[in-house]
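Enquirer: The structure follows.
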Amino acid sequence: MSSSAPSSSRFSWLSQIALCLAVFAALWFFGQTIFPRIDDYVAYTVNSVGIVIILAVSLNLINGITGQFSLGHAGFMGIGAYVCAYFTKEIGAQIIDPVNLLIGLVCGALSAGIAGLLVGIPSLRLRGDYLAIVTLGFNLIIISIIQNLKIVGDASGYVGIPKLTTFAWVFGMVFLCILSIRNLAMSGLGRAMRAVRDDEIAAEAAGINTTQIKILAFVFSAMWAGVAGGLQANLIQYANPGDFEFLKSVEIVVAVVLGGLGSITGSALAAAGLKISEEILRSVQGVLWMSLGLIALAAFWSFQARRAAGKFAGLEIVKWLAAPLFSLAIVLGLYFFAGGLLEERKGSLRYILYALILIVVMLLRPQGILGRSEWSMNGLKRIFGRNQITKTKVRALD
């Protein structure tokens with residue numbers, strides 16, 4: 001029995017290494033052959049989606065799996081962005097591009113991790129709102145320091161950064177981020193993190209060093225935020241302190257909560273969905289289709305809730321149909337009879353609808369889209385209210 005465990009573990013690691021190599025080869029092939037043919041705007045959006053996935057999944061390690069509340073993730077991202085950008089522009093300019101970017105990302109990740117350690121040691125004995133205030137203050141300090149560093153362009157931003165970020169780099173890092181956090185969450189350390197989340201006092205009584213666990217989560221999460229920042233700086237060739245302010249941290253927290261606190265795949269799906277929605281809502285037609293999708297989503301989950309409560313009979317069906325049909329009539333009427341007005345006001349309309357999406361989803365799914373579960377066919381069936389009783393159980397009931 002004792003000899004089989006190491007071989008099984010060794011096989012698991014070998015299979016993961018083989019999977020990484022296969023994924024990287026596929027991403028490199030796609031990035032070299034198909035991705036260059038894609039429109040520049042679409043390519044930029046796709047890469048941006050990958051970067052926000054890294055941010056959301058890494059923050060979920062703190063806010064979801066460990067159960068803390070951080071509002072300073074954008075600060076770690078900013079550190080990684082500026083350190084990586086400075087290295088790739090000033091120090092590694094003579095190195096071949098892939099190695100230059102790799103070293104820059106490592107430097108950015110280490111710098112962000114050190115910052116996470118520095119802010120974590122004195123503050124992670126705090127909990128909840130108090131910890132959120134400390135991390136928010138840290139974010140403000142980082143932005144203030146960057147704005148006064150002439151070596152990186154101070155408040156006007158850092159320009160002239162080489163464009164080294166590619167599709168393969170972004171989604172290779174997305175894959176590594178999800179894989180590493182998934183492995184950490186399933187390890188003994190991950191179980192200790194969940195114990196801290198569920199009951200910190202009980203975890204301490206069980207012998208878990210809760211402060212050490214929280215610092216580890218903070219440092220590891222900050223390192224991945226630094227990687228995301230480095231990828232962004234070398235994608236848009238510009239780093240501005242305004243891109244890493246408090247509101248950026250809030251956007252990442254929204255993606256984590258919307259996907260489900262503790263769900264890695266939920267954070268990834270929510271981050272991608274929000275970023276894509278933000279781009280779709282730039283046009284009036286996009287606003288129309290997102291409105292229709294929002295009405296359909298609200299109607300569907302309302303249907304599931306009423307059916308689960310046993311209220312779907314007779315007049316209840318008419319009451320249920322009234323709200324979605326009325327909403328549909330308003331949206332279509334505005335589109336066909338006030339299209340010009342919508343075109344003039346599409347900027348403000350975009351943010352109103354974006355906020356409504358968040359409100360509706362949170363009202364219908366307060367635990368987040370996936371809750372604490374991971375994406376799977378059974379998970380999707382639970383979300384959409386499918387009965388999970390198997391044929392064997394049905395026969396047993398009979």
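Here, A, B, ... name the chains of the structure tokens in the order displayed, residue numbers run from 1 inside each chain, and ligands are numbered from 1 in the same displayed order.
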Select from range 130-366 of chain A everything DSSP, run on the backbone, classes as alpha helix (DSSP H), then give the selection as number ranges by chain.

Expert: A: 130-147, 167-186, 188-198, 200-205, 210-236, 246-259, 264-280, 284-308, 315-337, 339-344, 346-364

Enquirer: Mind the document's chain letters and residue numbers, and return as a PyMOL selection string the residues of range 19-259 of chain A that DSSP labels strand (DSSP E).

Expert: chain A and resi 158-159+238-239

Enquirer: Please report, as JSON lines, each residue of range 110-222 of chain A lying at most 12 Å from range 267-283 of chain A, together with the nearest pair of atoms and the separation in Å rounded to one decimal; use only C-alpha atoms, and order rows by chain and ascending residue number.

Expert:
{"residue": "A:Val174", "atom": "CA", "partner": "A:Ala268", "partner_atom": "CA", "distance": 9.3}
{"residue": "A:Phe175", "atom": "CA", "partner": "A:Ala268", "partner_atom": "CA", "distance": 10.8}
{"residue": "A:Cys177", "atom": "CA", "partner": "A:Ala268", "partner_atom": "CA", "distance": 10.6}
{"residue": "A:Ile178", "atom": "CA", "partner": "A:Ala268", "partner_atom": "CA", "distance": 8.6}

Enquirer: Counting only C-alpha atoms, what is within 12 Å of range 24-40 of chain A, bar same-chain residues fewer than 4 positions away, as a list in words?

Expert: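 Contacts, with the query itself left out: Ile17, Ala18, Leu19, Cys20, Tyr44, Thr45, Val46, Asn47, Thr165, Thr166, Phe167, Ala168, Trp169, Val170, Phe171, Gly172, Met173, Val174, Phe175, Leu176, Leu235 and Ile236 of chain A.
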
Enquirer: Using only C-alpha atoms, find the one residue out of A:Leu247, A:Gly113, A:Gly230, A:Ile145 that sits nearest to Ile54 in chain A.

Expert: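 Using only C-alpha atoms, Ile54 in chain A sits closest to A:Gly230.
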
Enquirer: Do you know which residues are at most 12 Å from Gln367 in chain A counting only C-alpha atoms, after dropping those on the same chain fewer than 5 positions away, and could you put them as a tab-separated table (two decimals) with N, CA and C atoms, in the first residue's frame?

Expert:
chain	number	residue	atom	x	y	z
A	64	GLY	N	-12.45	33.71	-1.80
A	64	GLY	CA	-13.35	32.57	-1.85
A	64	GLY	C	-12.87	31.38	-1.07
A	256	VAL	N	-15.50	37.70	-8.92
A	256	VAL	CA	-15.36	36.58	-7.99
A	256	VAL	C	-16.69	36.26	-7.32
A	257	VAL	N	-17.38	37.29	-6.84
A	257	VAL	CA	-18.67	37.07	-6.16
A	257	VAL	C	-19.72	36.58	-7.14
A	258	LEU	N	-19.72	37.12	-8.35
A	258	LEU	CA	-20.70	36.72	-9.35
A	258	LEU	C	-20.51	35.26	-9.76
A	259	GLY	N	-19.26	34.83	-9.89
A	259	GLY	CA	-19.00	33.44	-10.27
A	259	GLY	C	-19.26	32.46	-9.15
A	260	GLY	N	-19.08	32.91	-7.92
A	260	GLY	CA	-19.27	32.03	-6.77
A	260	GLY	C	-18.02	32.00	-5.93
A	261	LEU	N	-18.11	32.43	-4.67
A	261	LEU	CA	-16.96	32.44	-3.78
A	261	LEU	C	-16.50	31.01	-3.52
A	262	GLY	N	-15.27	30.71	-3.92
A	262	GLY	CA	-14.73	29.37	-3.74
A	262	GLY	C	-14.75	28.54	-5.00
A	263	SER	N	-15.38	29.01	-6.07
A	263	SER	CA	-15.44	28.27	-7.33
A	263	SER	C	-14.41	28.84	-8.31
A	266	GLY	N	-16.06	29.08	-11.70
A	266	GLY	CA	-17.07	30.13	-11.64
A	266	GLY	C	-16.46	31.51	-11.80
A	361	VAL	N	-28.65	39.03	-11.54
A	361	VAL	CA	-28.00	37.76	-11.25
A	361	VAL	C	-27.82	37.57	-9.75
A	362	MET	N	-27.46	38.63	-9.03
A	362	MET	CA	-27.29	38.50	-7.59
A	362	MET	C	-28.62	38.27	-6.87
A	372	ARG	N	-20.19	27.27	-4.66
A	372	ARG	CA	-18.86	26.75	-4.31
A	372	ARG	C	-18.50	25.52	-5.13
A	373	SER	N	-19.35	25.17	-6.09
A	373	SER	CA	-19.08	24.01	-6.92
A	373	SER	C	-18.27	24.41	-8.14
A	383	ILE	N	-27.76	23.95	-11.33
A	383	ILE	CA	-28.04	25.37	-11.50
A	383	ILE	C	-29.37	25.58	-12.20

Enquirer: Looking at only C-alpha atoms, which of A:Ile359, A:Gly160, A:Phe326, A:Gly75 is the one that sits closest to Ala93 in chain A?

Expert: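 With only C-alpha atoms as the atom set, the closest residue is A:Gly160.
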
Enquirer: I'd like the neighbourhood of Ala85 in chain A as a list in words, where a residue qualifies if any of its atoms comes within 7 Å (using only C-alpha atoms), though same-chain residues fewer than 4 positions away should be ignored.

Expert: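 Residues meeting the cut-off are Ala81, Lys89, Ile161, Gly230, Ala233 and Asn234 of chain A.
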